Amino acid sequence: MGMKSDLKLIKNGKRLDGRKPDELRPITIKAGVLDNANGSAYLEWGGNKVIAGVYGPRECLPRHRSSPYKAYLTYRYNMAPFSVDDRKRPGPDRRSTEISKISAEALERVIEVEKFPNTMINVFVEVLQADAGTRCAALTAAAVAAADAGLPMRDLIVSCAAGKIDDTVVLDLGKKEDNFGQADVPIAILPHSEEIVLLQMDGDLTKEEFKEAIDMSVKAAKQIYELQKKALTERFKKGGGKE
Ligand code: UDP
């Protein structure tokens with residue numbers, strides 16, 4: 001974000017990859033892809049590839065984290081060393097710690113953690129290939145994995161970003177748009193109530209542009225929600241569940 005460049009990001013109303021301003025990159029989701037997790041999902045979103053695995057509710061370790069009121073929910077967002085063009089140094093860093101924290105807080109709003117006191121629920125998301133928007137792809141996949149695990153949920157979560165490039169508000173920024181654009185606003189919403197459970201902003205937007213960006217993401221979230229539902233229906237049509 002904010003890197004100076006002469007690169008034109010919009011030409012004749014079309015973006016570098018041919019998309020219209022309010023168009024999402026292609027998304028595919030598959031639920032139930034891991035045998036050893038209670039729930040899982042694989043998601044591709046443009047050039048992003050992420051896999052999510054959910055465990056629990058299970059015994060809470062370390063014990064001092066356990067609560068008599070709710071399950072202790074952890075979320076680990078991790079980028080594989082080969083997920084970006086320069087090798088990413090393995091292990092947590094400031095960025096992944098921040099993403100993990102806010103994603104856990106968002107998921108805690110939908111998973112009925114109060115039904116499982118003294119236990120823990122662990123959500124892991126591995127980014128296998130990154131192309132901007134990985135925190136949104138990760139959380140969108142994690143919500144499907146949590147549903148696949150059979151956890152009781154108030155709603156799903158859909159996460160999507162909108163921002164500004166070449167003075168135009170656009171949906172779902174690609175890598176170059178993220179690097180050379182003017183603003184990026186990832187949000188996560190509950191598709192039924194349209195409640196926003198995560199919101200970040202990198203760069204600057206006017207009040208009007210901000211509203212336009214949020215409206216775009218909320219509209220796109222409905223599309224993404226349909227794909228999440230389809231992935232879960234297909235999973236259970238096949239007789240799914242654990243043997
Ligand atoms: N990125 C990278 N190395 C890093 C972190 C990010 O190459 O250590 C790339 C990656 O493609 C990522 C993009 O920069 O998707 C945008 O990163 P940002 O921090 O905005 O998060 P994201 O948009 O992926 O949620």
# chains A, B, ... in the order shown; residues from 1 in each chain; ligands from 1

$ residues_around --residues "stretch 136-146 of chain A" --least-positions-apart "2" --cutoff "8 Å" --atoms "only C-alpha atoms" --output "tab-separated table (two decimals) with all heavy atoms, in the first residue's frame"
chain	number	residue	atom	x	y	z
A	29	ILE	N	-14.26	-23.34	-3.06
A	29	ILE	CA	-14.15	-23.82	-1.67
A	29	ILE	C	-14.52	-25.30	-1.63
A	29	ILE	O	-15.50	-25.72	-2.25
A	29	ILE	CB	-15.08	-23.05	-0.71
A	29	ILE	CG1	-14.99	-21.54	-0.92
A	29	ILE	CG2	-14.79	-23.42	0.73
A	29	ILE	CD1	-15.99	-20.72	-0.10
A	31	ALA	N	-15.04	-28.32	1.37
A	31	ALA	CA	-15.07	-28.64	2.81
A	31	ALA	C	-14.67	-30.08	3.03
A	31	ALA	O	-14.89	-30.94	2.17
A	31	ALA	CB	-16.46	-28.39	3.35
A	32	GLY	N	-14.06	-30.35	4.19
A	32	GLY	CA	-13.73	-31.73	4.55
A	32	GLY	C	-12.59	-32.31	3.75
A	32	GLY	O	-12.75	-33.29	3.03
A	39	GLY	N	-12.67	-30.64	11.53
A	39	GLY	CA	-13.29	-29.96	10.40
A	39	GLY	C	-12.21	-29.30	9.57
A	39	GLY	O	-11.16	-28.93	10.09
A	40	SER	N	-12.48	-29.15	8.26
A	40	SER	CA	-11.44	-28.55	7.42
A	40	SER	C	-12.03	-27.97	6.15
A	40	SER	O	-13.16	-28.27	5.78
A	40	SER	CB	-10.38	-29.61	7.06
A	40	SER	OG	-11.00	-30.70	6.42
A	41	ALA	N	-11.25	-27.15	5.51
A	41	ALA	CA	-11.67	-26.57	4.23
A	41	ALA	C	-10.45	-26.13	3.44
A	41	ALA	O	-9.44	-25.70	4.02
A	41	ALA	CB	-12.59	-25.36	4.46
A	42	TYR	N	-10.55	-26.25	2.14
A	42	TYR	CA	-9.52	-25.76	1.23
A	42	TYR	C	-10.16	-24.68	0.35
A	42	TYR	O	-11.25	-24.88	-0.16
A	42	TYR	CB	-8.98	-26.90	0.36
A	42	TYR	CG	-8.01	-26.42	-0.69
A	42	TYR	CD1	-6.75	-25.94	-0.32
A	42	TYR	CD2	-8.34	-26.43	-2.05
A	42	TYR	CE1	-5.86	-25.47	-1.29
A	42	TYR	CE2	-7.45	-25.97	-3.01
A	42	TYR	CZ	-6.22	-25.49	-2.62
A	42	TYR	OH	-5.35	-25.02	-3.57
A	43	LEU	N	-9.47	-23.57	0.24
A	43	LEU	CA	-10.06	-22.46	-0.50
A	43	LEU	C	-9.05	-21.82	-1.45
A	43	LEU	O	-7.89	-21.60	-1.08
A	43	LEU	CB	-10.57	-21.41	0.51
A	43	LEU	CG	-11.22	-20.15	-0.02
A	43	LEU	CD1	-12.31	-19.68	0.93
A	43	LEU	CD2	-10.20	-19.04	-0.15
A	44	GLU	N	-9.49	-21.59	-2.66
A	44	GLU	CA	-8.67	-20.83	-3.62
A	44	GLU	C	-9.42	-19.55	-3.93
A	44	GLU	O	-10.63	-19.57	-4.14
A	44	GLU	CB	-8.45	-21.63	-4.91
A	44	GLU	CG	-7.53	-22.82	-4.70
A	44	GLU	CD	-7.12	-23.52	-6.00
A	44	GLU	OE1	-7.52	-23.06	-7.09
A	44	GLU	OE2	-6.42	-24.53	-5.90
A	45	TRP	N	-8.69	-18.47	-3.95
A	45	TRP	CA	-9.32	-17.14	-4.16
A	45	TRP	C	-8.33	-16.36	-5.00
A	45	TRP	O	-7.30	-15.90	-4.47
A	45	TRP	CB	-9.57	-16.51	-2.79
A	45	TRP	CG	-10.24	-15.18	-2.78
A	45	TRP	CD1	-10.15	-14.19	-3.71
A	45	TRP	CD2	-11.12	-14.68	-1.75
A	45	TRP	NE1	-10.91	-13.12	-3.34
A	45	TRP	CE2	-11.52	-13.39	-2.13
A	45	TRP	CE3	-11.59	-15.19	-0.54
A	45	TRP	CZ2	-12.36	-12.60	-1.36
A	45	TRP	CZ3	-12.42	-14.42	0.23
A	45	TRP	CH2	-12.81	-13.14	-0.18
A	48	ASN	N	-4.66	-16.89	-4.32
A	48	ASN	CA	-4.48	-17.36	-2.93
A	48	ASN	C	-4.90	-18.82	-2.80
A	48	ASN	O	-5.92	-19.21	-3.37
A	48	ASN	CB	-5.33	-16.53	-1.96
A	48	ASN	CG	-4.90	-15.09	-1.90
A	48	ASN	OD1	-3.72	-14.81	-1.70
A	48	ASN	ND2	-5.84	-14.17	-2.08
A	50	VAL	N	-5.41	-21.48	0.46
A	50	VAL	CA	-5.32	-21.65	1.91
A	50	VAL	C	-6.03	-22.93	2.33
A	50	VAL	O	-6.96	-23.38	1.68
A	50	VAL	CB	-5.92	-20.45	2.69
A	50	VAL	CG1	-5.30	-19.14	2.27
A	50	VAL	CG2	-7.43	-20.38	2.53
A	51	ILE	N	-5.54	-23.48	3.44
A	51	ILE	CA	-6.20	-24.67	3.98
A	51	ILE	C	-6.42	-24.44	5.48
A	51	ILE	O	-5.54	-23.92	6.17
A	51	ILE	CB	-5.36	-25.94	3.66
A	51	ILE	CG1	-6.15	-27.19	4.00
A	51	ILE	CG2	-4.03	-25.95	4.36
A	51	ILE	CD1	-5.66	-28.41	3.24
A	52	ALA	N	-7.63	-24.77	5.93
A	52	ALA	CA	-7.98	-24.54	7.33
A	52	ALA	C	-8.34	-25.86	8.00
A	52	ALA	O	-9.01	-26.70	7.41
A	52	ALA	CB	-9.17	-23.59	7.42
A	53	GLY	N	-7.86	-26.03	9.23
A	53	GLY	CA	-8.19	-27.22	10.03
A	53	GLY	C	-8.65	-26.79	11.40
A	53	GLY	O	-8.08	-25.88	12.00
A	54	VAL	N	-9.73	-27.43	11.88
A	54	VAL	CA	-10.28	-27.09	13.19
A	54	VAL	C	-10.29	-28.32	14.09
A	54	VAL	O	-10.68	-29.40	13.65
A	54	VAL	CB	-11.73	-26.55	13.05
A	54	VAL	CG1	-12.38	-26.35	14.41
A	54	VAL	CG2	-11.73	-25.24	12.28
A	77	TYR	N	-2.90	-18.12	12.10
A	77	TYR	CA	-2.71	-17.82	10.67
A	77	TYR	C	-1.23	-17.99	10.40
A	77	TYR	O	-0.40	-17.42	11.10
A	77	TYR	CB	-3.16	-16.38	10.42
A	77	TYR	CG	-2.67	-15.78	9.11
A	77	TYR	CD1	-3.52	-15.68	8.01
A	77	TYR	CD2	-1.37	-15.28	8.98
A	77	TYR	CE1	-3.09	-15.11	6.83
A	77	TYR	CE2	-0.93	-14.72	7.79
A	77	TYR	CZ	-1.79	-14.64	6.72
A	77	TYR	OH	-1.36	-14.07	5.54
A	103	SER	N	-8.70	-12.40	13.94
A	103	SER	CA	-9.52	-13.46	13.34
A	103	SER	C	-10.14	-14.32	14.43
A	103	SER	O	-11.29	-14.74	14.32
A	103	SER	CB	-8.68	-14.31	12.40
A	103	SER	OG	-8.08	-13.50	11.42
A	107	LEU	N	-14.13	-14.98	14.96
A	107	LEU	CA	-14.73	-16.33	15.02
A	107	LEU	C	-15.45	-16.58	16.33
A	107	LEU	O	-16.46	-17.29	16.38
A	107	LEU	CB	-13.64	-17.39	14.85
A	107	LEU	CG	-13.45	-18.04	13.49
A	107	LEU	CD1	-12.48	-19.18	13.61
A	107	LEU	CD2	-14.77	-18.53	12.88
A	111	ILE	N	-18.97	-18.83	16.76
A	111	ILE	CA	-18.94	-20.17	17.36
A	111	ILE	C	-19.51	-20.06	18.77
A	111	ILE	O	-19.13	-19.16	19.52
A	111	ILE	CB	-17.50	-20.73	17.37
A	111	ILE	CG1	-16.98	-20.88	15.94
A	111	ILE	CG2	-17.46	-22.07	18.11
A	111	ILE	CD1	-15.54	-21.31	15.83
A	123	VAL	N	-8.11	-23.40	15.81
A	123	VAL	CA	-8.27	-23.18	14.37
A	123	VAL	C	-6.90	-22.85	13.78
A	123	VAL	O	-6.20	-21.98	14.29
A	123	VAL	CB	-9.25	-22.01	14.10
A	123	VAL	CG1	-9.46	-21.80	12.62
A	123	VAL	CG2	-10.58	-22.24	14.82
A	124	PHE	N	-6.54	-23.60	12.75
A	124	PHE	CA	-5.24	-23.36	12.09
A	124	PHE	C	-5.49	-23.06	10.62
A	124	PHE	O	-6.25	-23.78	9.98
A	124	PHE	CB	-4.36	-24.61	12.18
A	124	PHE	CG	-4.03	-25.01	13.59
A	124	PHE	CD1	-4.78	-25.98	14.25
A	124	PHE	CD2	-2.97	-24.43	14.25
A	124	PHE	CE1	-4.48	-26.35	15.55
A	124	PHE	CE2	-2.65	-24.79	15.55
A	124	PHE	CZ	-3.41	-25.75	16.21
A	125	VAL	N	-4.86	-22.03	10.13
A	125	VAL	CA	-4.96	-21.78	8.69
A	125	VAL	C	-3.56	-21.62	8.13
A	125	VAL	O	-2.75	-20.83	8.62
A	125	VAL	CB	-5.79	-20.52	8.35
A	125	VAL	CG1	-6.06	-20.46	6.86
A	125	VAL	CG2	-7.10	-20.51	9.10
A	126	GLU	N	-3.27	-22.42	7.12
A	126	GLU	CA	-1.98	-22.36	6.45
A	126	GLU	C	-2.19	-21.69	5.09
A	126	GLU	O	-3.03	-22.13	4.29
A	126	GLU	CB	-1.42	-23.77	6.23
A	126	GLU	CG	-1.08	-24.51	7.52
A	126	GLU	CD	0.10	-23.88	8.26
A	126	GLU	OE1	1.08	-23.50	7.59
A	126	GLU	OE2	0.03	-23.77	9.49
A	127	VAL	N	-1.42	-20.65	4.85
A	127	VAL	CA	-1.46	-20.00	3.54
A	127	VAL	C	-0.39	-20.68	2.69
A	127	VAL	O	0.80	-20.61	2.99
A	127	VAL	CB	-1.18	-18.49	3.67
A	127	VAL	CG1	-1.15	-17.83	2.29
A	127	VAL	CG2	-2.21	-17.83	4.56
A	133	GLY	N	-4.92	-10.38	0.15
A	133	GLY	CA	-6.24	-10.78	0.64
A	133	GLY	C	-6.21	-12.11	1.38
A	133	GLY	O	-7.24	-12.76	1.53
A	134	THR	N	-5.03	-12.50	1.87
A	134	THR	CA	-4.95	-13.82	2.51
A	134	THR	C	-5.68	-13.87	3.85
A	134	THR	O	-6.20	-14.91	4.22
A	134	THR	CB	-3.49	-14.26	2.73
A	134	THR	OG1	-2.83	-13.26	3.50
A	134	THR	CG2	-2.77	-14.46	1.43
A	148	ASP	N	-17.83	-27.39	9.26
A	148	ASP	CA	-17.55	-28.78	8.90
A	148	ASP	C	-17.25	-29.62	10.15
A	148	ASP	O	-17.55	-30.81	10.20
A	148	ASP	CB	-16.37	-28.82	7.92
A	148	ASP	CG	-16.01	-30.23	7.51
A	148	ASP	OD1	-16.94	-30.98	7.14
A	148	ASP	OD2	-14.82	-30.60	7.56
A	149	ALA	N	-16.68	-28.98	11.16
A	149	ALA	CA	-16.38	-29.68	12.42
A	149	ALA	C	-17.65	-29.93	13.23
A	149	ALA	O	-17.63	-30.58	14.26
A	149	ALA	CB	-15.39	-28.86	13.24
A	150	GLY	N	-18.76	-29.38	12.76
A	150	GLY	CA	-20.03	-29.57	13.46
A	150	GLY	C	-20.18	-28.68	14.67
A	150	GLY	O	-21.04	-28.93	15.52
A	151	LEU	N	-19.38	-27.66	14.78
A	151	LEU	CA	-19.50	-26.75	15.92
A	151	LEU	C	-20.79	-25.95	15.79
A	151	LEU	O	-21.12	-25.48	14.69
A	151	LEU	CB	-18.30	-25.78	15.96
A	151	LEU	CG	-16.95	-26.42	16.25
A	151	LEU	CD1	-15.83	-25.41	16.07
A	151	LEU	CD2	-16.92	-26.99	17.67
A	156	LEU	N	-22.38	-17.95	9.72
A	156	LEU	CA	-21.04	-18.15	9.17
A	156	LEU	C	-20.32	-16.81	9.23
A	156	LEU	O	-20.89	-15.81	9.68
A	156	LEU	CB	-21.12	-18.64	7.73
A	156	LEU	CG	-21.13	-20.16	7.53
A	156	LEU	CD1	-21.14	-20.47	6.04
A	156	LEU	CD2	-19.92	-20.85	8.16
A	157	ILE	N	-19.08	-16.78	8.78
A	157	ILE	CA	-18.36	-15.52	8.64
A	157	ILE	C	-17.87	-15.44	7.21
A	157	ILE	O	-17.36	-16.43	6.68
A	157	ILE	CB	-17.12	-15.44	9.57
A	157	ILE	CG1	-17.54	-15.25	11.01
A	157	ILE	CG2	-16.19	-14.31	9.15
A	157	ILE	CD1	-16.39	-14.92	11.92
A	158	VAL	N	-18.04	-14.31	6.60
A	158	VAL	CA	-17.47	-14.08	5.28
A	158	VAL	C	-16.54	-12.89	5.40
A	158	VAL	O	-16.90	-11.87	5.98
A	158	VAL	CB	-18.56	-13.72	4.24
A	158	VAL	CG1	-17.97	-13.76	2.86
A	158	VAL	CG2	-19.74	-14.65	4.34
A	159	SER	N	-15.35	-13.03	4.85
A	159	SER	CA	-14.42	-11.93	4.91
A	159	SER	C	-14.02	-11.52	3.51
A	159	SER	O	-13.82	-12.37	2.63
A	159	SER	CB	-13.19	-12.34	5.73
A	159	SER	OG	-12.30	-11.25	5.81
A	160	CYS	N	-13.93	-10.23	3.31
A	160	CYS	CA	-13.64	-9.70	1.98
A	160	CYS	C	-13.07	-8.29	2.13
A	160	CYS	O	-13.36	-7.61	3.11
A	160	CYS	CB	-14.96	-9.66	1.22
A	160	CYS	SG	-14.79	-9.06	-0.44
A	161	ALA	N	-12.27	-7.86	1.17
A	161	ALA	CA	-11.70	-6.51	1.25
A	161	ALA	C	-12.16	-5.67	0.07
A	161	ALA	O	-12.46	-6.18	-1.00
A	161	ALA	CB	-10.18	-6.59	1.27
A	186	PRO	N	-10.05	-4.53	4.70
A	186	PRO	CA	-10.62	-5.87	4.88
A	186	PRO	C	-11.69	-5.86	5.97
A	186	PRO	O	-11.50	-5.22	7.01
A	186	PRO	CB	-9.41	-6.72	5.30
A	186	PRO	CG	-8.35	-5.79	5.71
A	186	PRO	CD	-8.72	-4.40	5.29
A	187	ILE	N	-12.80	-6.53	5.70
A	187	ILE	CA	-13.82	-6.66	6.74
A	187	ILE	C	-14.26	-8.12	6.82
A	187	ILE	O	-14.01	-8.90	5.90
A	187	ILE	CB	-15.08	-5.78	6.50
A	187	ILE	CG1	-15.86	-6.23	5.27
A	187	ILE	CG2	-14.71	-4.32	6.39
A	187	ILE	CD1	-17.25	-5.59	5.19
A	188	ALA	N	-14.90	-8.46	7.93
A	188	ALA	CA	-15.56	-9.77	8.03
A	188	ALA	C	-16.97	-9.50	8.52
A	188	ALA	O	-17.17	-8.69	9.43
A	188	ALA	CB	-14.82	-10.67	9.00
A	228	GLN	N	-19.71	-20.81	0.22
A	228	GLN	CA	-19.45	-21.52	1.48
A	228	GLN	C	-20.54	-22.57	1.71
A	228	GLN	O	-20.25	-23.71	2.07
A	228	GLN	CB	-19.44	-20.53	2.65
A	228	GLN	CG	-18.23	-19.61	2.67
A	228	GLN	CD	-18.35	-18.62	3.82
A	228	GLN	OE1	-19.37	-17.95	3.97
A	228	GLN	NE2	-17.30	-18.50	4.62
A	231	ALA	N	-20.19	-25.53	-0.60
A	231	ALA	CA	-19.10	-26.43	-0.18
A	231	ALA	C	-19.57	-27.35	0.95
A	231	ALA	O	-19.28	-28.55	0.95
A	231	ALA	CB	-17.90	-25.61	0.27
A	232	LEU	N	-20.32	-26.80	1.87
A	232	LEU	CA	-20.79	-27.59	3.02
A	232	LEU	C	-21.88	-28.57	2.60
A	232	LEU	O	-21.90	-29.72	3.03
A	232	LEU	CB	-21.29	-26.66	4.13
A	232	LEU	CG	-20.16	-25.93	4.88
A	232	LEU	CD1	-20.68	-24.73	5.64
A	232	LEU	CD2	-19.42	-26.89	5.80

$ closest_atom_pairs --of "chain A" --to "ligand 1" --cutoff "10 Å" --atoms "only C-alpha atoms and all ligand atoms" --output "tab-separated table"
residue	atom	partner	partner_atom_place_in_ligand_line	distance
A:Met1	CA	ligand 1	20 (O)	7.6
A:Gly47	CA	ligand 1	11 (O)	8.8
A:Asn48	CA	ligand 1	15 (O)	7.5
A:Met79	CA	ligand 1	8 (O)	7.8
A:Ala80	CA	ligand 1	8 (O)	9.9
A:Pro81	CA	ligand 1	8 (O)	9.2
A:Phe82	CA	ligand 1	7 (O)	9.9
A:Ser83	CA	ligand 1	11 (O)	7.7
A:Val84	CA	ligand 1	7 (O)	4.7
A:Asp85	CA	ligand 1	7 (O)	6.3
A:Asp86	CA	ligand 1	7 (O)	6.7
A:Arg87	CA	ligand 1	3 (N)	8.2
A:Lys88	CA	ligand 1	8 (O)	5.8
A:Arg89	CA	ligand 1	8 (O)	7.9
A:Pro90	CA	ligand 1	8 (O)	9.8
A:Asp93	CA	ligand 1	8 (O)	8.7
A:Arg94	CA	ligand 1	8 (O)	9.9
A:Arg95	CA	ligand 1	19 (O)	6.8
A:Ser96	CA	ligand 1	5 (C)	8.6
A:Ile99	CA	ligand 1	25 (O)	7.9
A:Val127	CA	ligand 1	15 (O)	9.0
A:Gln129	CA	ligand 1	11 (O)	7.7
A:Ala130	CA	ligand 1	11 (O)	4.2
A:Asp131	CA	ligand 1	11 (O)	3.9
A:Ala132	CA	ligand 1	15 (O)	3.0
A:Gly133	CA	ligand 1	23 (O)	3.4
A:Thr134	CA	ligand 1	24 (O)	3.6
A:Arg135	CA	ligand 1	25 (O)	3.8
A:Cys136	CA	ligand 1	25 (O)	6.1
A:Ala137	CA	ligand 1	25 (O)	7.8
A:Ala138	CA	ligand 1	25 (O)	8.5
A:Leu139	CA	ligand 1	25 (O)	9.9
A:Cys160	CA	ligand 1	25 (O)	9.5
A:Ala161	CA	ligand 1	23 (O)	8.3
A:Asp172	CA	ligand 1	23 (O)	9.3
A:Leu173	CA	ligand 1	23 (O)	7.9
A:Gly174	CA	ligand 1	23 (O)	8.4
A:Lys175	CA	ligand 1	13 (C)	6.0
A:Lys176	CA	ligand 1	13 (C)	9.0
A:Glu177	CA	ligand 1	16 (C)	9.7
A:Asp178	CA	ligand 1	16 (C)	6.4
A:Asn179	CA	ligand 1	16 (C)	7.4
A:Asp184	CA	ligand 1	20 (O)	7.7
A:Val185	CA	ligand 1	23 (O)	9.4
A:Pro186	CA	ligand 1	25 (O)	7.6
A:Met201	CA	ligand 1	20 (O)	10.0
A:Asp202	CA	ligand 1	20 (O)	8.2

$ residues_around --residues "A:Leu24" --least-positions-apart "4" --cutoff "12 Å" --atoms "only C-alpha atoms" --output "PyMOL selection string"
chain A and resi 15+17-20+28+45-46+133+160-162+170-174+216-217+219-224

$ write_last_selection --atoms "N, CA and C atoms" --output "compact mmCIF listing (two decimals), in the first residue's frame"
# COMPACT_ATOMS: atom_id res chain seq x y z
N ARG A 15 -9.53 -3.34 -14.65
CA ARG A 15 -8.35 -3.48 -13.82
C ARG A 15 -7.29 -4.34 -14.52
N ASP A 17 -6.19 -7.24 -14.18
CA ASP A 17 -6.58 -8.61 -14.54
C ASP A 17 -7.92 -8.65 -15.28
N GLY A 18 -8.36 -7.48 -15.77
CA GLY A 18 -9.57 -7.45 -16.58
C GLY A 18 -10.86 -7.31 -15.79
N ARG A 19 -10.74 -7.25 -14.45
CA ARG A 19 -11.96 -7.17 -13.65
C ARG A 19 -12.58 -5.78 -13.67
N LYS A 20 -13.90 -5.74 -13.45
CA LYS A 20 -14.58 -4.47 -13.23
C LYS A 20 -14.34 -4.07 -11.77
N THR A 28 -13.04 -20.78 -5.17
CA THR A 28 -13.56 -22.14 -5.03
C THR A 28 -13.30 -22.61 -3.61
N TRP A 45 -8.69 -18.47 -3.95
CA TRP A 45 -9.32 -17.14 -4.16
C TRP A 45 -8.33 -16.36 -5.00
N GLY A 46 -8.60 -16.25 -6.31
CA GLY A 46 -7.59 -15.67 -7.19
C GLY A 46 -6.34 -16.52 -7.06
N GLY A 133 -4.92 -10.38 0.15
CA GLY A 133 -6.24 -10.78 0.64
C GLY A 133 -6.21 -12.11 1.38
N CYS A 160 -13.93 -10.23 3.31
CA CYS A 160 -13.64 -9.70 1.98
C CYS A 160 -13.07 -8.29 2.13
N ALA A 161 -12.27 -7.86 1.17
CA ALA A 161 -11.70 -6.51 1.25
C ALA A 161 -12.16 -5.67 0.07
N ALA A 162 -12.22 -4.38 0.30
CA ALA A 162 -12.41 -3.42 -0.79
C ALA A 162 -11.43 -2.29 -0.52
N VAL A 170 -12.62 -0.04 -5.37
CA VAL A 170 -12.71 -1.36 -6.01
C VAL A 170 -12.81 -2.48 -4.96
N LEU A 171 -13.33 -3.60 -5.42
CA LEU A 171 -13.51 -4.77 -4.56
C LEU A 171 -12.31 -5.71 -4.69
N ASP A 172 -11.92 -6.33 -3.59
CA ASP A 172 -11.01 -7.48 -3.61
C ASP A 172 -9.69 -7.19 -4.34
N LEU A 173 -8.84 -6.41 -3.71
CA LEU A 173 -7.57 -6.00 -4.31
C LEU A 173 -6.63 -7.16 -4.60
N GLY A 174 -6.05 -7.15 -5.80
CA GLY A 174 -5.02 -8.12 -6.17
C GLY A 174 -3.68 -7.63 -5.65
N MET A 216 -19.71 -2.41 -1.03
CA MET A 216 -19.22 -3.36 -2.03
C MET A 216 -18.89 -4.70 -1.39
N SER A 217 -18.20 -4.66 -0.25
CA SER A 217 -17.82 -5.91 0.43
C SER A 217 -19.05 -6.64 0.96
N LYS A 219 -22.01 -6.61 -0.26
CA LYS A 219 -22.68 -7.22 -1.41
C LYS A 219 -21.92 -8.49 -1.85
N ALA A 220 -20.61 -8.38 -1.92
CA ALA A 220 -19.79 -9.52 -2.34
C ALA A 220 -19.89 -10.66 -1.33
N ALA A 221 -20.04 -10.30 -0.07
CA ALA A 221 -20.12 -11.32 0.98
C ALA A 221 -21.28 -12.27 0.73
N LYS A 222 -22.35 -11.77 0.16
CA LYS A 222 -23.51 -12.61 -0.13
C LYS A 222 -23.14 -13.68 -1.16
N GLN A 223 -22.36 -13.25 -2.16
CA GLN A 223 -21.90 -14.19 -3.19
C GLN A 223 -21.00 -15.26 -2.57
N ILE A 224 -20.08 -14.82 -1.73
CA ILE A 224 -19.12 -15.74 -1.13
C ILE A 224 -19.84 -16.71 -0.19

$ select_by_dssp --residues "stretch 13-120 of chain A" --states "helix (DSSP H, G or I)" --output "JSON, numbers by chain"
{"A": [63, 64, 65, 94, 95, 96, 97, 98, 99, 100, 101, 102, 103, 104, 105, 106, 107, 108, 113, 114, 115]}

$ write_last_selection --atoms "C-alpha atoms" --output "CSV table (one decimal), in the first residue's frame"
chain,number,residue,atom,x,y,z
A,63,ARG,CA,-4.9,-25.6,31.8
A,64,HIS,CA,-4.7,-22.0,33.1
A,65,ARG,CA,-6.3,-20.9,29.8
A,94,ARG,CA,4.0,-9.2,14.1
A,95,ARG,CA,1.8,-9.4,11.0
A,96,SER,CA,0.6,-13.0,11.5
A,97,THR,CA,0.2,-12.4,15.3
A,98,GLU,CA,-2.1,-9.5,14.6
A,99,ILE,CA,-4.1,-11.4,11.9
A,100,SER,CA,-4.5,-14.4,14.2
A,101,LYS,CA,-5.7,-12.2,17.1
A,102,ILE,CA,-8.4,-10.3,15.2
A,103,SER,CA,-9.5,-13.5,13.3
A,104,ALA,CA,-9.9,-15.3,16.6
A,105,GLU,CA,-12.0,-12.5,18.0
A,106,ALA,CA,-14.2,-12.6,14.9
A,107,LEU,CA,-14.7,-16.3,15.0
A,108,GLU,CA,-15.6,-16.2,18.7
A,113,VAL,CA,-18.0,-21.1,22.7
A,114,GLU,CA,-20.2,-20.7,25.8
A,115,LYS,CA,-21.6,-24.2,25.2

$ select_by_dssp --residues "stretch 2-150 of chain A" --states "strand (DSSP E)" --output "ChimeraX atom specification"
/A:10-11,14-15,27-31,39-45,48-59,72-79,119-129

$ decode --residues "stretch 20-28 of chain A" --atoms "N, CA, C and O atoms" --output "compact mmCIF listing (two decimals), in the first residue's frame"
# COMPACT_ATOMS: atom_id res chain seq x y z
N LYS A 20 -13.90 -5.74 -13.45
CA LYS A 20 -14.58 -4.47 -13.23
C LYS A 20 -14.34 -4.07 -11.77
O LYS A 20 -13.97 -4.91 -10.95
N PRO A 21 -14.57 -2.78 -11.43
CA PRO A 21 -14.28 -2.35 -10.06
C PRO A 21 -14.95 -3.20 -8.97
O PRO A 21 -14.37 -3.44 -7.92
N ASP A 22 -16.20 -3.64 -9.25
CA ASP A 22 -16.90 -4.36 -8.18
C ASP A 22 -16.90 -5.87 -8.38
O ASP A 22 -17.80 -6.56 -7.91
N GLU A 23 -15.87 -6.37 -9.06
CA GLU A 23 -15.83 -7.80 -9.36
C GLU A 23 -14.85 -8.54 -8.47
O GLU A 23 -13.72 -8.07 -8.24
N LEU A 24 -15.27 -9.71 -7.98
CA LEU A 24 -14.39 -10.54 -7.17
C LEU A 24 -13.48 -11.37 -8.06
O LEU A 24 -13.81 -11.64 -9.22
N ARG A 25 -12.36 -11.83 -7.51
CA ARG A 25 -11.56 -12.83 -8.22
C ARG A 25 -12.31 -14.17 -8.09
O ARG A 25 -13.13 -14.32 -7.18
N PRO A 26 -12.00 -15.15 -8.94
CA PRO A 26 -12.71 -16.44 -8.82
C PRO A 26 -12.39 -17.12 -7.48
O PRO A 26 -11.26 -17.08 -7.01
N ILE A 27 -13.43 -17.72 -6.89
CA ILE A 27 -13.27 -18.39 -5.59
C ILE A 27 -13.81 -19.82 -5.69
O ILE A 27 -14.89 -20.05 -6.23
N THR A 28 -13.04 -20.78 -5.17
CA THR A 28 -13.56 -22.14 -5.03
C THR A 28 -13.30 -22.61 -3.61
O THR A 28 -12.26 -22.30 -3.02
